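> Mind looking over this structure? Questions follow.
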Amino acid sequence: MSVESLPIPEELLRQEAESIAAHYRVSADEALAALSQAFAGVPDLVRRIQLRHGEEDVTRWRAYREVVRECRQGLYYGLRRYYPLSDEAERVVGEFEQEVAASARAERVEELCERLLRLHASTRERHSSYAEFYERFFECAGVPATILDIGCGMHPLSYPFKGAGSGTKRYVAVDRDVCVIRAVSAHARVAGKRRLQAVRLSLDDPGWPSELPWRGPYELGVMLKVVPVLIRLDRAAVLGLQAAPVARLLLTGNVESLTRRQSIEARERSVLKRFIQNAGRQITGEFRVGNEFGYLAE
Ligand SMILES: C[S@@+](CC[C@H](N)C(=O)[O-])C[C@H]1O[C@@H](n2cnc3c(N)ncnc32)[C@H](O)[C@@H]1O
């Protein structure tokens with residue numbers, strides 16, 4: 001964004017943008033763009049700021065503080081959503097479905113998978129550490145022949161079916177999110193329909209295991225960043241998780257919060273440990289990669 005196109009003096013916006021970026025997981029440039037847009041929406045205030053800036057501290061004005069507050073709040077809620085732009089997720093899923101149904105060109109499929117992985121907040125933050133993530137994953141859990149990925153998000157799109165995970169012959173992924181299920185089902189046309197299956201279901205329905213295309217028991221249940229989220233938002237679903245027909249479990253949590261620049265590792269570790277204990281299991285392995293740590297439980 002050029003300095004000339006900023007609605008109010010750059011030093012004012014920079015100061016606020018840096019303060020936002022210090023607290024929330026957005027860059028100063030992203031915060032600057034959001035602030036510019038917010039001020040551009042209040043032209044009367046912008047005119048008064050341009051007149052009075054330099055004569056008085058305009059940052060103390062109530063109207064000024066209100067614009068900044070709303071902008072901070074908007075950024076915060078954006079960070080909490082799985083898809084910052086839900087229309088875009090639907091659009092890219094549609095493109096992906098068309099591509100695999102028509103020509104399934106390898107390069108294009110890979111590019112669309114990449115975009116989908118970046119669109120979902122959970123896979124986006126794993127993005128820079130995939131190679132190491134799967135190294136630790138297989139070191140910890142071996143290569144399971146059967147996997148049940150619970151609250152899968154877009155994760156199956158990154159699973160190395162053709163690489164280190166080629167020994168996985170059956171991968172069932174469940175989630176309640178329509179976009180996720182459409183994307184994973186489309187990916188199954190590439191990975192193998194008998195090998196990868198996506199099922200839309202809600203974990204707060206206690207009968208969910210009976211909706212699985214294969215009842216199990218699966219060698220490995222995968223719950224990546226799922227338990228801490230459900231403990232906060234959906235306790236019924238946490239009870240549902242305990243019913244997963246799996247021999248072993250790989251669970252992960254976050255080191256840093258999705259929204260704020262603060263560590264939540266200690267809290268997430270204790271949540272996972274309590275869940276494992278309540279499930280009557282024991283921790284037999286662990287790892288830490290990027291912003292994520294994991295436990296293997298048997
Ligand atoms: C934090 S995301 C993790 C996604 C994925 N496991 C990963 O780490 O990339 C949590 C996922 O759980 C799903 N979810 C939340 N509540 C659910 C429920 N009651 N039933 C099924 N899925 C649920 C969400 O749609 C979301 O995809």
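So you can find residues: chains in the structure tokens are A, B, ... in the order shown, residues in each start at 1, and ligands are numbered from 1 in order.
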As a quick test: using only C-alpha atoms and all ligand atoms, which residues lie no more than 7 Å away from ligand 1? Give them as JSON, numbers by chain.

{"A": [122, 123, 150, 151, 152, 153, 154, 155, 174, 175, 176, 177, 180, 201, 202, 203, 204, 223, 224, 225, 226, 229, 230, 234, 237]}

> Find the residues around A:Ala236 up to 10 Å (only C-alpha atoms counted), leave out those fewer than 3 positions away in its own chain, and share them as a list in words.

Leu203, Asp204, Asp205, Pro206, Leu230, Ile231, Leu233, Leu239, Gly240 and Leu241 of chain A

> I'd like the interatomic distance between atom CA of A:Asp29 and atom CA of A:Glu55, to a tenth of an Å.

27.3 Å

> Give me the residues near A:Glu16 as a VMD selection string, where near means some atom within 9 Å (using only C-alpha atoms) and where sequence neighbours in that chain fewer than 2 positions away do not count.

chain A and resid 11 to 14 18 to 21 28 31 to 32 35 68

> List every residue of stretch 41-153 of chain A that DSSP, applied to the backbone, labels as alpha helix (DSSP H), and write the result as a VMD selection string.

chain A and resid 43 to 52 62 to 80 86 to 102 106 to 119 121 to 124 130 to 141

> Would you mind exporting C-alpha atoms of the selected residues as a JSON list (two decimals), in the first residue's frame?


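Wrote result11.json, looks like this:
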```json
[["chain", "number", "residue", "atom", "x", "y", "z"],
["A", 43, "PRO", "CA", -14.25, 10.09, 6.10],
["A", 44, "ASP", "CA", -15.49, 12.78, 8.53],
["A", 45, "LEU", "CA", -13.14, 11.57, 11.23],
["A", 46, "VAL", "CA", -10.29, 11.32, 8.71],
["A", 47, "ARG", "CA", -10.85, 14.97, 7.70],
["A", 48, "ARG", "CA", -10.77, 16.09, 11.35],
["A", 49, "ILE", "CA", -7.61, 14.05, 11.99],
["A", 50, "GLN", "CA", -5.89, 15.63, 8.98],
["A", 51, "LEU", "CA", -6.82, 19.10, 10.27],
["A", 52, "ARG", "CA", -5.86, 18.60, 13.91],
["A", 62, "ARG", "CA", -12.83, 8.63, 21.57],
["A", 63, "ALA", "CA", -13.86, 8.25, 17.92],
["A", 64, "TYR", "CA", -10.25, 7.45, 16.98],
["A", 65, "ARG", "CA", -9.89, 4.84, 19.74],
["A", 66, "GLU", "CA", -13.22, 3.30, 18.71],
["A", 67, "VAL", "CA", -12.05, 2.73, 15.09],
["A", 68, "VAL", "CA", -8.83, 1.11, 16.36],
["A", 69, "ARG", "CA", -10.72, -1.05, 18.86],
["A", 70, "GLU", "CA", -13.16, -2.35, 16.25],
["A", 71, "CYS", "CA", -10.32, -3.06, 13.87],
["A", 72, "ARG", "CA", -8.43, -5.05, 16.55],
["A", 73, "GLN", "CA", -11.57, -6.98, 17.32],
["A", 74, "GLY", "CA", -12.18, -7.75, 13.63],
["A", 75, "LEU", "CA", -8.63, -9.07, 13.25],
["A", 76, "TYR", "CA", -8.99, -11.16, 16.40],
["A", 77, "TYR", "CA", -12.25, -12.78, 15.23],
["A", 78, "GLY", "CA", -10.69, -13.36, 11.80],
["A", 79, "LEU", "CA", -7.84, -15.28, 13.47],
["A", 80, "ARG", "CA", -10.29, -17.43, 15.41],
["A", 86, "SER", "CA", -15.25, -18.76, 3.81],
["A", 87, "ASP", "CA", -16.29, -17.86, 0.23],
["A", 88, "GLU", "CA", -12.76, -18.48, -0.91],
["A", 89, "ALA", "CA", -12.66, -21.92, 0.73],
["A", 90, "GLU", "CA", -15.84, -22.90, -1.13],
["A", 91, "ARG", "CA", -14.53, -21.53, -4.38],
["A", 92, "VAL", "CA", -11.21, -23.39, -4.16],
["A", 93, "VAL", "CA", -12.94, -26.63, -3.11],
["A", 94, "GLY", "CA", -15.15, -26.26, -6.19],
["A", 95, "GLU", "CA", -12.08, -25.81, -8.42],
["A", 96, "PHE", "CA", -10.45, -28.83, -6.80],
["A", 97, "GLU", "CA", -13.52, -31.01, -7.38],
["A", 98, "GLN", "CA", -13.66, -29.97, -11.02],
["A", 99, "GLU", "CA", -9.98, -30.62, -11.55],
["A", 100, "VAL", "CA", -9.98, -34.16, -10.13],
["A", 101, "ALA", "CA", -13.21, -35.01, -11.97],
["A", 102, "ALA", "CA", -11.90, -33.72, -15.30],
["A", 106, "ALA", "CA", -0.68, -33.72, -11.06],
["A", 107, "GLU", "CA", 0.73, -30.19, -10.89],
["A", 108, "ARG", "CA", -2.66, -28.53, -10.70],
["A", 109, "VAL", "CA", -3.89, -31.01, -8.07],
["A", 110, "GLU", "CA", -0.82, -30.28, -5.98],
["A", 111, "GLU", "CA", -1.30, -26.53, -6.33],
["A", 112, "LEU", "CA", -4.96, -26.72, -5.27],
["A", 113, "CYS", "CA", -4.13, -28.99, -2.31],
["A", 114, "GLU", "CA", -1.55, -26.41, -1.23],
["A", 115, "ARG", "CA", -4.10, -23.64, -1.41],
["A", 116, "LEU", "CA", -6.63, -25.60, 0.62],
["A", 117, "LEU", "CA", -4.03, -26.48, 3.24],
["A", 118, "ARG", "CA", -3.21, -22.79, 3.57],
["A", 119, "LEU", "CA", -6.86, -21.79, 3.75],
["A", 121, "ALA", "CA", -6.09, -22.23, 9.99],
["A", 122, "SER", "CA", -4.92, -25.55, 11.47],
["A", 123, "THR", "CA", -3.00, -26.74, 8.45],
["A", 124, "ARG", "CA", -1.81, -23.23, 7.57],
["A", 130, "TYR", "CA", 5.45, -30.53, 7.19],
["A", 131, "ALA", "CA", 8.64, -32.51, 6.43],
["A", 132, "GLU", "CA", 9.68, -32.52, 10.09],
["A", 133, "PHE", "CA", 6.11, -33.05, 11.26],
["A", 134, "TYR", "CA", 5.77, -36.34, 9.36],
["A", 135, "GLU", "CA", 9.27, -37.44, 10.33],
["A", 136, "ARG", "CA", 8.27, -37.18, 14.00],
["A", 137, "PHE", "CA", 4.80, -38.57, 13.33],
["A", 138, "PHE", "CA", 6.16, -41.82, 11.82],
["A", 139, "GLU", "CA", 9.04, -42.02, 14.30],
["A", 140, "CYS", "CA", 6.50, -41.88, 17.11],
["A", 141, "ALA", "CA", 3.65, -43.99, 15.69]]
```

> Enter the distance from atom CA of A:Leu148 to atom CA of A:Val289, in Å, rounded to one decimal.

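The value is 21.5 Å.
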
> Check which residues of stretch 192-211 of chain A sit at most 9 Å from stretch 243-266 of chain A using only C-alpha atoms, and return one row each with the closest pair of atoms and their distance in Å to one decimal, ordered by chain and rising number, as a Markdown table.


```
| residue | atom | partner | partner_atom | distance |
| --- | --- | --- | --- | --- |
| A:Pro206 | CA | A:Ala243 | CA | 7.8 |
| A:Gly207 | CA | A:Ala243 | CA | 8.8 |
| A:Trp208 | CA | A:Ala243 | CA | 8.6 |
| A:Pro209 | CA | A:Ala244 | CA | 6.6 |
```

> Mind dumping the selected residues with C-alpha atoms as a short mmCIF file (atom, residue, chain, number, x, y, z; two decimals), in the first residue's frame?


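Listed below is the output, out-v2.cif:
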```
data_model
loop_
_atom_site.label_atom_id
_atom_site.label_comp_id
_atom_site.auth_asym_id
_atom_site.auth_seq_id
_atom_site.Cartn_x
_atom_site.Cartn_y
_atom_site.Cartn_z
CA PRO A 206 -22.73 -40.64 20.71
CA GLY A 207 -23.53 -43.11 17.90
CA TRP A 208 -20.95 -41.61 15.49
CA PRO A 209 -18.70 -44.71 15.32
#
```

> Using only C-alpha atoms, determine which residues lie at most 7 Å from A:Phe161, disregarding the query and same-chain residues fewer than 4 positions distant; provide the list as a PyMOL selection string.

chain A and resi 165-166+191

> Let me see the file: selected residues, C-alpha atoms, as an mmCIF file, in the first residue's frame.


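Result file is selection06.cif:
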```cif
data_model
loop_
_atom_site.group_PDB
_atom_site.id
_atom_site.type_symbol
_atom_site.label_atom_id
_atom_site.label_comp_id
_atom_site.auth_asym_id
_atom_site.auth_seq_id
_atom_site.Cartn_x
_atom_site.Cartn_y
_atom_site.Cartn_z
ATOM 1 C CA GLY A 165 2.880 -43.140 4.546
ATOM 2 C CA SER A 166 2.566 -45.478 1.570
ATOM 3 C CA ALA A 191 -5.198 -40.995 -3.371
#
```

> Could you tell me how far atom CA of A:Ala173 sits from atom CA of A:Pro156, in Å to one decimal place?

7.3 Å

> If you count only C-alpha atoms, which residues fall within 6 Å of stretch 184-189 of chain A, apart from same-chain ones fewer than 4 positions away, as a list in words?

Glu97, Lys193, Leu196 and Ala198 of chain A

> With only C-alpha atoms as the atoms that count, which of A:Leu212, A:Ala38, A:Val58, A:Ala22 lies nearest to A:Pro7?

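Result for the nearest residue to A:Pro7: A:Ala38.
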
> If we count only C-alpha atoms, what is near A:Arg170 at a cut-off of 9 Å, once residues fewer than 2 positions away on the same chain are taken out, given as a list of chain:residue names?

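Near A:Arg170, the qualifying residues are A:Ala145, A:Thr146, A:Ile147, A:Leu148, A:Thr168, A:Val172, A:Arg194, A:Arg195, A:Leu196, A:Gln197, A:Tyr218.
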
> Please run DSSP on the backbone and report, as a PyMOL selection string, all residues within stretch 8-251 of chain A that come out as strand (DSSP E or B).

chain A and resi 24+53+56+146-150+170-175+196-200+218-223+246-251

> Nearest to A:Lys169: which of A:Pro144, A:Glu125, A:Ala17, A:Thr284 is it, counting only C-alpha atoms?

A:Pro144
